[in-house]
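run.cif follows; it contains mmCIF, C-alpha atoms and all ligand atoms.
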```cif
data_work
#
loop_
_atom_site.label_atom_id
_atom_site.label_comp_id
_atom_site.auth_asym_id
_atom_site.auth_seq_id
_atom_site.Cartn_x
_atom_site.Cartn_y
_atom_site.Cartn_z
CA MET C 13 18.66 1.58 15.69
CA LYS C 14 18.39 3.08 12.20
CA THR C 15 20.84 1.60 9.68
CA ARG C 16 21.86 4.14 7.08
CA LYS C 17 23.61 2.47 4.16
CA THR C 18 25.87 5.25 2.85
CA ILE C 19 27.36 7.69 5.35
CA LEU C 20 29.34 10.73 4.25
CA ILE C 21 31.98 11.80 6.78
CA THR C 22 33.64 15.14 6.03
CA GLY C 23 37.09 15.99 7.39
CA GLY C 24 37.81 12.30 7.90
CA ALA C 25 41.53 12.68 7.25
CA GLY C 26 41.94 15.05 10.20
CA PHE C 27 42.48 14.31 13.86
CA ILE C 28 39.00 13.50 15.20
CA GLY C 29 37.61 12.61 11.76
CA SER C 30 40.14 9.80 11.25
CA HIS C 31 39.13 8.18 14.55
CA VAL C 32 35.45 8.48 13.61
CA VAL C 33 35.99 7.07 10.11
CA ARG C 34 37.96 4.07 11.45
CA ARG C 35 35.32 3.38 14.09
CA PHE C 36 32.45 3.46 11.57
CA VAL C 37 34.30 1.42 8.92
CA LYS C 38 35.10 -1.28 11.48
CA ASN C 39 31.85 -1.27 13.46
CA TYR C 40 29.42 -0.99 10.54
CA PRO C 41 30.68 -3.25 7.73
CA GLY C 42 27.22 -3.15 6.12
CA CYS C 43 27.56 0.62 5.55
CA LEU C 44 29.66 2.40 2.96
CA ILE C 45 31.71 5.15 4.61
CA VAL C 46 32.65 7.96 2.21
CA ASN C 47 35.36 10.25 3.57
CA ALA C 48 35.36 13.66 1.84
CA ASP C 49 38.37 15.77 2.72
CA LYS C 50 40.31 18.55 1.02
CA LEU C 51 43.57 17.38 2.62
CA THR C 52 44.66 20.75 3.96
CA TYR C 53 47.82 20.91 6.08
CA ALA C 54 45.72 19.23 8.84
CA GLY C 55 44.39 16.38 6.70
CA ASN C 56 46.60 13.35 6.37
CA LEU C 57 45.68 10.05 4.71
CA GLU C 58 48.44 8.34 6.70
CA ASN C 59 45.98 8.59 9.59
CA LEU C 60 43.85 5.99 7.80
CA SER C 61 46.48 3.78 6.12
CA ASP C 62 45.26 0.72 8.08
CA ILE C 63 41.77 0.87 6.52
CA GLU C 64 42.46 2.41 3.10
CA SER C 65 41.70 -0.77 1.16
CA VAL C 66 38.77 -2.02 3.21
CA ASP C 67 35.71 -2.66 0.98
CA ASN C 68 33.25 -0.40 2.79
CA TYR C 69 35.55 2.65 2.72
CA LYS C 70 35.97 5.27 -0.04
CA PHE C 71 38.02 8.45 -0.02
CA GLU C 72 36.97 11.49 -2.08
CA LYS C 73 39.31 14.48 -2.25
CA THR C 74 36.77 17.28 -1.97
CA ASP C 75 36.83 20.95 -1.01
CA ILE C 76 33.48 21.62 0.69
CA VAL C 77 33.75 25.29 -0.32
CA ASN C 78 33.32 24.11 -3.91
CA LYS C 79 29.54 23.90 -4.36
CA LYS C 80 29.71 21.70 -7.45
CA ALA C 81 32.16 19.25 -5.89
CA VAL C 82 29.79 18.86 -2.94
CA ALA C 83 26.75 18.38 -5.22
CA ASP C 84 28.72 15.78 -7.24
CA LEU C 85 29.19 13.66 -4.10
CA PHE C 86 25.42 13.41 -3.79
CA THR C 87 25.10 12.42 -7.44
CA LYS C 88 27.78 9.76 -7.16
CA TYR C 89 26.57 8.24 -3.87
CA ASP C 90 23.15 7.67 -2.35
CA ILE C 91 24.09 9.52 0.83
CA GLU C 92 21.66 8.87 3.66
CA ALA C 93 23.51 10.62 6.44
CA ILE C 94 26.35 13.08 6.98
CA ILE C 95 28.73 13.44 9.88
CA HIS C 96 30.28 16.84 9.26
CA LEU C 97 33.69 17.40 10.82
CA ALA C 98 35.57 19.26 8.06
CA ALA C 99 36.69 22.61 9.39
CA GLU C 100 39.56 24.94 9.96
CA SER C 101 40.09 24.15 13.62
CA HIS C 102 43.01 26.09 15.11
CA VAL C 103 42.19 29.25 17.10
CA ASP C 104 45.65 30.83 16.62
CA ARG C 105 45.41 30.46 12.83
CA SER C 106 41.93 32.03 12.92
CA ILE C 107 43.43 35.09 14.61
CA THR C 108 46.07 35.60 11.91
CA SER C 109 43.92 34.57 8.91
CA PRO C 110 40.19 34.51 9.59
CA ASP C 111 39.01 34.35 5.94
CA GLU C 112 39.68 30.64 5.48
CA PHE C 113 37.54 29.97 8.58
CA VAL C 114 34.62 31.86 7.06
CA PHE C 115 34.93 29.97 3.77
CA THR C 116 35.31 26.43 5.10
CA ASN C 117 33.37 26.58 8.34
CA ILE C 118 30.42 28.69 7.20
CA ILE C 119 30.17 28.50 3.39
CA GLY C 120 31.33 24.85 3.38
CA THR C 121 28.62 23.91 5.88
CA VAL C 122 25.95 25.75 3.89
CA ASN C 123 27.06 23.96 0.70
CA LEU C 124 26.60 20.61 2.44
CA LEU C 125 23.21 21.66 3.82
CA ASN C 126 22.04 22.76 0.35
CA ALA C 127 23.19 19.53 -1.25
CA ALA C 128 21.51 17.43 1.45
CA LEU C 129 18.33 19.47 1.15
CA GLU C 130 18.20 19.01 -2.61
CA SER C 131 18.95 15.29 -2.39
CA TRP C 132 16.61 14.54 0.50
CA LYS C 133 13.71 16.90 -0.31
CA ASN C 134 11.28 14.19 -1.35
CA ARG C 135 12.30 11.61 1.24
CA PRO C 136 13.77 13.18 4.39
CA GLU C 137 12.65 10.28 6.64
CA GLY C 138 15.54 8.51 8.30
CA LYS C 139 18.14 10.93 6.92
CA LEU C 140 20.48 12.76 9.24
CA PHE C 141 22.78 15.78 9.07
CA TYR C 142 25.04 15.47 12.11
CA HIS C 143 27.11 18.61 12.69
CA ILE C 144 30.18 18.35 14.91
CA SER C 145 30.79 21.54 16.85
CA THR C 146 32.72 22.92 19.78
CA ASP C 147 32.17 24.20 23.31
CA GLU C 148 33.93 27.43 22.24
CA VAL C 149 30.65 28.73 20.76
CA TYR C 150 29.46 29.35 24.33
CA GLY C 151 32.24 31.84 25.06
CA SER C 152 34.31 31.89 28.22
CA LEU C 153 33.48 31.00 31.83
CA GLY C 154 34.71 32.57 35.08
CA ASN C 155 35.75 30.36 37.98
CA GLU C 156 32.28 28.87 38.44
CA GLY C 157 29.65 27.16 36.30
CA PHE C 158 29.42 24.92 33.24
CA PHE C 159 28.19 25.25 29.66
CA THR C 160 24.85 23.49 29.17
CA GLU C 161 22.89 23.04 25.93
CA ALA C 162 20.84 26.10 27.01
CA THR C 163 23.84 28.44 27.44
CA ALA C 164 23.56 31.44 25.11
CA TYR C 165 26.11 31.58 22.29
CA ASP C 166 28.92 34.10 22.86
CA PRO C 167 31.80 33.21 20.51
CA ARG C 168 34.88 35.36 20.94
CA SER C 169 37.47 34.25 18.35
CA PRO C 170 37.12 34.12 14.55
CA TYR C 171 37.25 30.30 14.88
CA SER C 172 34.45 30.07 17.43
CA ALA C 173 32.39 32.73 15.62
CA SER C 174 32.63 30.70 12.39
CA LYS C 175 31.62 27.50 14.21
CA ALA C 176 28.73 29.31 15.97
CA SER C 177 27.60 30.62 12.61
CA SER C 178 27.64 27.11 11.14
CA ASP C 179 25.64 25.79 14.11
CA HIS C 180 23.04 28.51 13.51
CA MET C 181 22.80 27.60 9.82
CA VAL C 182 22.29 23.92 10.66
CA ARG C 183 19.50 24.82 13.12
CA ALA C 184 17.97 27.23 10.62
CA TYR C 185 17.87 24.55 7.89
CA SER C 186 16.39 22.08 10.35
CA HIS C 187 13.71 24.53 11.51
CA THR C 188 12.90 26.13 8.15
CA TYR C 189 13.28 23.26 5.68
CA GLY C 190 12.86 20.27 7.96
CA ILE C 191 16.34 18.76 7.42
CA PRO C 192 16.74 16.15 10.20
CA ALA C 193 19.77 17.52 12.03
CA VAL C 194 21.60 16.99 15.27
CA ILE C 195 24.52 18.99 16.73
CA SER C 196 27.07 18.12 19.39
CA ASN C 197 29.42 20.58 21.08
CA CYS C 198 32.54 19.02 22.52
CA SER C 199 35.38 20.18 24.75
CA ASN C 200 39.14 19.92 24.00
CA ASN C 201 40.17 16.59 22.47
CA TYR C 202 43.59 15.02 22.75
CA GLY C 203 45.10 11.75 21.55
CA PRO C 204 46.97 10.13 18.64
CA ASN C 205 47.01 11.84 15.21
CA GLN C 206 46.47 15.41 16.43
CA PHE C 207 48.43 17.96 14.38
CA PRO C 208 51.29 19.33 16.50
CA GLU C 209 50.06 22.93 16.41
CA LYS C 210 47.68 22.12 19.30
CA LEU C 211 48.92 22.35 22.89
CA ILE C 212 49.46 18.69 23.85
CA PRO C 213 51.18 17.35 20.70
CA LEU C 214 53.14 20.59 20.33
CA ALA C 215 54.46 20.21 23.87
CA ILE C 216 55.28 16.50 23.38
CA ASN C 217 57.18 17.25 20.18
CA ASN C 218 59.07 20.20 21.68
CA ILE C 219 60.04 18.33 24.84
CA LYS C 220 61.21 15.38 22.76
CA ASN C 221 63.44 17.74 20.74
CA ASN C 222 64.59 19.74 23.79
CA ARG C 223 62.82 22.80 22.46
CA GLN C 224 61.09 25.38 24.67
CA VAL C 225 57.44 24.74 25.52
CA PRO C 226 55.49 27.97 24.98
CA VAL C 227 52.82 28.57 27.63
CA TYR C 228 50.55 31.53 26.86
CA GLY C 229 50.25 34.24 29.53
CA LYS C 230 50.57 32.76 33.01
CA GLY C 231 49.25 29.36 31.99
CA GLU C 232 46.12 29.90 34.09
CA ASN C 233 43.54 29.29 31.37
CA ILE C 234 41.46 26.19 31.92
CA ARG C 235 40.33 23.58 29.41
CA ASP C 236 38.21 20.41 29.84
CA TRP C 237 40.14 17.56 28.17
CA LEU C 238 38.60 14.47 26.56
CA PHE C 239 40.39 11.51 24.94
CA VAL C 240 39.54 11.41 21.23
CA GLU C 241 38.22 7.82 21.40
CA ASP C 242 35.68 8.92 24.01
CA HIS C 243 34.52 11.67 21.65
CA SER C 244 34.23 9.14 18.78
CA ALA C 245 32.14 6.85 20.98
CA ALA C 246 29.83 9.76 21.82
CA ILE C 247 29.49 10.63 18.11
CA ASP C 248 28.61 7.00 17.31
CA LEU C 249 25.94 6.98 20.02
CA ILE C 250 24.43 10.34 19.06
CA PHE C 251 24.45 9.37 15.37
CA HIS C 252 22.49 6.19 16.09
CA ARG C 253 20.33 7.15 19.04
CA GLY C 254 20.23 10.96 19.24
CA THR C 255 16.99 12.80 18.56
CA PRO C 256 16.93 14.98 15.43
CA GLY C 257 16.50 18.64 16.38
CA GLU C 258 18.49 18.17 19.59
CA THR C 259 21.91 19.37 20.72
CA TYR C 260 24.22 17.35 22.97
CA ASN C 261 27.18 18.67 24.95
CA ILE C 262 30.17 16.32 25.24
CA GLY C 263 32.90 16.86 27.82
CA GLY C 264 35.44 15.07 29.94
CA ASN C 265 34.56 16.59 33.33
CA ASN C 266 38.32 16.95 33.41
CA GLU C 267 39.41 20.56 33.91
CA TRP C 268 43.08 21.45 33.91
CA LYS C 269 44.94 24.75 34.13
CA ASN C 270 47.32 24.79 31.17
CA ILE C 271 50.40 25.08 33.38
CA ASP C 272 49.35 22.12 35.56
CA LEU C 273 48.69 20.02 32.47
CA ILE C 274 52.09 20.92 30.99
CA ARG C 275 53.83 20.06 34.29
CA LEU C 276 52.10 16.66 34.35
CA LEU C 277 53.13 16.07 30.75
CA CYS C 278 56.73 17.04 31.60
CA LYS C 279 56.80 14.38 34.35
CA ILE C 280 55.49 11.72 31.95
CA MET C 281 58.03 12.76 29.30
CA ASP C 282 60.96 12.62 31.77
CA ARG C 283 59.94 9.07 32.66
CA LYS C 284 59.36 7.92 29.06
CA LEU C 285 62.60 9.45 27.80
CA ASN C 286 64.63 8.31 30.83
CA ARG C 287 65.64 11.89 31.57
CA PRO C 288 66.44 13.14 35.09
CA SER C 289 63.30 14.22 36.91
CA GLY C 290 62.63 17.95 36.35
CA SER C 291 64.51 18.27 33.04
CA SER C 292 61.43 18.75 30.83
CA GLU C 293 59.96 21.40 33.16
CA LYS C 294 63.03 23.55 32.54
CA LEU C 295 61.85 23.89 28.92
CA ILE C 296 58.65 25.74 29.92
CA LYS C 297 58.64 29.32 28.64
CA PHE C 298 55.85 31.77 29.45
CA VAL C 299 55.16 33.73 26.27
CA LYS C 300 52.89 36.58 25.16
CA ASP C 301 49.25 35.64 25.59
CA ARG C 302 46.86 34.71 22.77
CA PRO C 303 44.75 37.81 21.90
CA GLY C 304 41.25 37.47 23.39
CA HIS C 305 42.27 34.22 25.10
CA ASP C 306 39.17 32.53 26.59
CA LYS C 307 39.70 31.96 30.32
CA ARG C 308 37.85 28.74 31.03
CA TYR C 309 35.75 26.10 29.28
CA ALA C 310 33.80 23.47 31.22
CA ILE C 311 31.07 21.27 29.83
CA ASP C 312 28.01 19.84 31.53
CA SER C 313 27.36 16.63 29.60
CA SER C 314 24.63 15.31 31.91
CA LYS C 315 22.02 15.33 29.11
CA LEU C 316 24.11 12.91 27.04
CA GLN C 317 24.82 10.79 30.10
CA LYS C 318 21.18 10.61 31.24
CA GLU C 319 19.50 10.28 27.85
CA LEU C 320 21.98 8.10 25.97
CA GLY C 321 24.11 6.59 28.75
CA TRP C 322 27.47 7.94 27.52
CA TYR C 323 30.43 8.25 29.88
CA PRO C 324 34.10 8.79 29.06
CA VAL C 325 36.04 5.60 29.77
CA HIS C 326 39.63 6.89 29.61
CA SER C 327 41.15 8.56 32.66
CA PHE C 328 43.30 11.59 31.86
CA GLU C 329 46.46 9.91 33.12
CA SER C 330 45.94 6.79 30.99
CA GLY C 331 44.87 8.83 27.95
CA LEU C 332 47.95 11.05 28.24
CA GLU C 333 50.25 8.03 28.60
CA LYS C 334 48.72 6.47 25.48
CA THR C 335 49.09 9.75 23.62
CA VAL C 336 52.74 10.21 24.60
CA ASP C 337 53.49 6.57 23.68
CA TRP C 338 51.84 7.06 20.30
CA TYR C 339 53.87 10.19 19.45
CA LEU C 340 57.11 8.63 20.65
CA SER C 341 56.60 5.50 18.58
CA ASN C 342 55.17 7.16 15.44
CA THR C 343 58.23 9.23 14.62
CA LYS C 344 57.72 8.84 10.86
CA TRP C 345 54.20 10.30 11.08
CA LEU C 346 55.54 13.21 13.11
CA GLU C 347 58.47 13.81 10.74
CA ASN C 348 56.13 13.79 7.75
CA VAL C 349 53.76 16.39 9.18
CA ILE C 350 56.55 18.60 10.50
CA SER C 351 57.55 19.70 7.05
CA GLY C 352 59.14 22.96 5.99
CA GLU C 353 55.66 24.51 6.09
CA TYR C 354 55.26 23.60 9.75
CA GLU C 355 58.58 25.24 10.61
CA LYS C 356 57.51 28.41 8.77
CA TYR C 357 54.21 28.40 10.67
CA TYR C 358 56.03 27.84 13.97
CA ASP C 359 58.41 30.74 13.37
CA SER C 360 55.62 33.12 12.39
CA MET C 361 53.55 32.17 15.46
CA TYR C 362 56.22 31.97 18.13
CA SER C 363 59.35 33.98 17.24
CA GLY C 364 59.55 37.21 19.22
CA ARG C 365 56.69 36.15 21.47
P1 LIG Q 1 41.60 19.01 12.15
O1 LIG Q 1 42.07 20.38 11.84
O2 LIG Q 1 42.56 18.00 12.69
O3 LIG Q 1 40.98 18.34 10.83
C1 LIG Q 1 40.13 19.05 9.97
C2 LIG Q 1 39.98 18.24 8.70
O4 LIG Q 1 39.10 18.99 7.82
C3 LIG Q 1 41.28 18.03 7.93
O5 LIG Q 1 41.38 16.70 7.49
C4 LIG Q 1 41.18 18.98 6.75
O6 LIG Q 1 41.89 18.54 5.61
C5 LIG Q 1 39.68 19.01 6.52
N1 LIG Q 1 39.26 20.24 5.84
C6 LIG Q 1 39.59 21.52 6.15
N2 LIG Q 1 39.05 22.37 5.25
C7 LIG Q 1 38.34 21.61 4.37
C8 LIG Q 1 37.57 21.91 3.23
N3 LIG Q 1 37.42 23.17 2.78
N4 LIG Q 1 36.96 20.89 2.57
C9 LIG Q 1 37.13 19.60 2.99
N5 LIG Q 1 37.88 19.26 4.05
C10 LIG Q 1 38.48 20.26 4.74
O7 LIG Q 1 40.35 19.20 13.10
P2 LIG Q 1 39.85 18.32 14.35
O8 LIG Q 1 40.54 18.80 15.55
O9 LIG Q 1 39.87 16.92 13.99
O10 LIG Q 1 38.33 18.83 14.42
C11 LIG Q 1 37.33 18.20 13.66
C12 LIG Q 1 36.00 18.89 13.94
O11 LIG Q 1 35.69 18.79 15.34
C13 LIG Q 1 35.98 20.37 13.62
O12 LIG Q 1 34.72 20.68 13.08
C14 LIG Q 1 36.19 21.05 14.95
O13 LIG Q 1 35.58 22.32 14.98
C15 LIG Q 1 35.47 20.09 15.87
N6 LIG Q 1 35.96 20.04 17.27
C16 LIG Q 1 37.30 19.87 17.52
C17 LIG Q 1 37.72 19.77 18.85
C18 LIG Q 1 39.17 19.57 19.20
O14 LIG Q 1 39.53 19.64 20.38
N7 LIG Q 1 40.04 19.28 18.24
C19 LIG Q 1 36.79 19.87 19.90
C20 LIG Q 1 35.43 20.07 19.58
C21 LIG Q 1 35.03 20.13 18.26
O1 LIG Q 2 37.34 23.51 23.20
C1 LIG Q 2 37.34 22.85 21.97
C2 LIG Q 2 38.39 23.44 21.07
O2 LIG Q 2 39.65 23.04 21.61
C3 LIG Q 2 38.26 23.02 19.62
O3 LIG Q 2 37.05 23.50 19.10
C4 LIG Q 2 39.43 23.55 18.79
O4 LIG Q 2 39.34 23.06 17.46
C5 LIG Q 2 40.72 23.05 19.43
O5 LIG Q 2 41.82 23.59 18.72
C6 LIG Q 2 40.79 23.47 20.90
O6 LIG Q 2 40.96 24.91 21.02
P1 LIG Q 2 41.98 25.54 22.10
O7 LIG Q 2 42.33 26.90 21.68
O8 LIG Q 2 41.49 25.35 23.49
O9 LIG Q 2 43.23 24.51 21.89
P2 LIG Q 2 44.80 24.74 21.81
O10 LIG Q 2 45.43 23.39 21.83
O11 LIG Q 2 45.18 25.67 20.71
O12 LIG Q 2 45.12 25.46 23.18
C7 LIG Q 2 44.80 24.87 24.42
C8 LIG Q 2 45.17 25.86 25.52
O13 LIG Q 2 46.61 25.98 25.57
C9 LIG Q 2 44.66 27.26 25.27
O14 LIG Q 2 44.33 27.86 26.51
C10 LIG Q 2 45.84 27.99 24.65
C11 LIG Q 2 47.03 27.33 25.30
N1 LIG Q 2 48.27 27.22 24.48
C12 LIG Q 2 48.17 26.73 23.21
C13 LIG Q 2 49.28 26.58 22.42
C14 LIG Q 2 49.16 26.07 21.01
C15 LIG Q 2 49.50 27.54 25.02
O15 LIG Q 2 49.60 27.95 26.20
N2 LIG Q 2 50.61 27.39 24.23
C16 LIG Q 2 50.55 26.95 22.95
O16 LIG Q 2 51.62 26.88 22.28
#
```
Represent the structure from my file as structure tokens, please.
Ligand code: NAD
Ligand code: DAU
Amino acid sequence: MKTRKTILITGGAGFIGSHVVRRFVKNYPGCLIVNADKLTYAGNLENLSDIESVDNYKFEKTDIVNKKAVADLFTKYDIEAIIHLAAESHVDRSITSPDEFVFTNIIGTVNLLNAALESWKNRPEGKLFYHISTDEVYGSLGNEGFFTEATAYDPRSPYSASKASSDHMVRAYSHTYGIPAVISNCSNNYGPNQFPEKLIPLAINNIKNNRQVPVYGKGENIRDWLFVEDHSAAIDLIFHRGTPGETYNIGGNNEWKNIDLIRLLCKIMDRKLNRPSGSSEKLIKFVKDRPGHDKRYAIDSSKLQKELGWYPVHSFESGLEKTVDWYLSNTKWLENVISGEYEKYYDSMYSGR
């Protein structure tokens, strides 16, 4: 296993990034973990309050769209590897304002690639640019089949098109300039610390507050759900044992129709909140569909399983229970992120739908 002394993690104050940062800070005390994050609405240092004063952790408030700020990170630290998670990540926001997705997801990634290239040009051995991507780059499936690493890219939302574009740039820099790079494409994550614009935390928060739960269209779209800690474990494994130049798909083998998932969540919420059985389900409201809504995602992660021995360890039921428990006991966190801005966002997205 290669030990890289200083690891830059971008987007570490966000949902998945905060789990990855904590894991690396705790598991690799001999490495300095530098978390570079702009702290957009989705970035929250409260996610990392338990490790903020640990010796091998540093936070740098950085906008990756700012070329100089990115270059400065490489001057200040002897960065040997990057795990790049910073991104605009919400599909609905990409439909109403795509520009930010182009800036952060594409330009931001290219800025990081350029800085790594410049810094590593004379000694690329042992370095690694690990780009975290999504299964959405592969497009949408019908009732059958799975996305494999060989599936042709077919992104269909501004979000997935920007992520696909960043994947292409990473591969191009690897092929053309020899940057050692690896990419993983993961399915839908859920778990603690996810911003409540995404389906599961939004539904938990709305049910808790007796607010309607908006289900797009008929709720028949299918997603493959993975507990965030299982994704972090896969990232750790790929970072240490993956082969540069390769791509790895990560998925939960856990497909759910949105409406079935919401009904399961409603049952859990009734039990946790001691409400009569069936009360949360009454909050479900079918609303106007997301434009261009991808029908189904399903990941074949057999390459990662066979080559690196990764398997998800959390069952969906236990992961959902843990997630619900976390949101119900972290009311302060939830209150802090549901600011006036969140309410404005919610109204603009959902009123009249
Ligand atoms: P998130 O929205 O919760 O967090 C994104 C983080 O990036 C935030 O901390 C934000 O402040 C930061 N950021 C945004 N713009 C930035 C900029 N210009 N400069 C620096 N930092 C910036 O996202 P997430 O759900 O944790 O996703 C993390 C990564 O994983 C993304 O690249 C996403 O595409 C990918 N991914 C997410 C999922 C999922 O289900 N959430 C699944 C597969 C892949
Ligand atoms: O597949 C990986 C992707 O999963 C990641 O790359 C994205 O960053 C992440 O946001 C997620 O994208 P989705 O669009 O699948 O996630 P979201 O939580 O927004 O929606 C999940 C499903 O639920 C989707 O079919 C849309 C539907 N939905 C969503 C919301 C917010 C609803 O029915 N109602 C809602 O209010």
Sel. within 12 Å of pt (33.0, 13.0, 27.1), counting all atoms listed in the file, output as a ChimeraX atom specification: /C:147,196-202,236-247,249,260-266,310-317,321-328
Residue list as a ChimeraX atom specification for point (35.5, 7.3, 1.3), cut-off 10 Å, only C-alpha atoms: /C:18-22,24,33,37,44-49,64,67-73
Contacts to ligand LIG 2 (chain Q) at 9 Å cut-off (only C-alpha atoms and all ligand atoms) as a PyMOL selection string: chain C and resi 99-104+145-149+171-172+175+197-202+208-215+225-237+269-271+274+298-299+301-302+305-310+361-362
Neighbour list for Asp337 of chain C as JSON, numbers by chain, cut-off 9 Å, only C-alpha atoms, skip fewer than 4 positions in-chain: {"C": [204, 284, 332, 333, 341, 342]}
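Closest approach to ligand LIG 1 (chain Q) among C:Ser330, C:Thr188, C:Thr255, C:Asn205: C:Asn205, based on all atoms listed in the file.
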Nearest to ligand LIG 1 (chain Q), chosen from C:Leu124, C:Val66, C:Leu140, C:Ala193, with all atoms listed in the file counted in the distances: C:Leu124
Among the residues C:Asn134, C:Thr121, C:Thr74, C:Ser178, the one that comes closest to ligand LIG 1 (chain Q) [using only C-alpha atoms and all ligand atoms]: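 Looking at the shortest contact to ligand LIG 1 (chain Q), the residue is C:Thr74.
Using all atoms listed in the file, the shortest contact distance between ligand LIG 1 (chain Q) and any of C:Gly190, C:Gly138, C:Gly120, C:Gly151 is found at C:Gly120.
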Option closest in space to Ile119 of chain C, from C:Ile107, C:Ile95, C:Asn59, C:Lys79 [counting only C-alpha atoms]: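 Among the listed residues, C:Lys79 lies closest to Ile119 of chain C.
Distances here use only C-alpha atoms; by that measure, the residue among C:Ser61, C:Leu125, C:Lys356, C:Lys17 closest to Tyr40 of chain C is C:Lys17.
Using only C-alpha atoms, the contacts of Asp248 of chain C at a cut-off of 10 Å, with sequence neighbours closer than 6 positions omitted, comprise C:Val32, C:Arg35, C:Phe36, C:Asn39, C:Ile95, C:Asp242, C:Gly254.
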One-decimal distance in Å that lies between atom CA of Ser174 of chain C and atom CA of Val122 of chain C: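 Distance between the two atoms: 11.9 Å.
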Selection: 12 Å around Ile280 of chain C, all atoms listed in the file, excl. self and same-chain fewer than 5 positions, as a ChimeraX atom specification: /C:215-216,219-220,273-275,285-293,329-337,340
For atom O6 of ligand LIG 1 (chain Q) and atom CA of Ala128 of chain C, the interatomic separation in Å (one decimal): 20.8 Å
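Computed from the coordinates, the atom CA of Ser152 of chain C to atom CA of Ser363 of chain C distance equals 27.4 Å.
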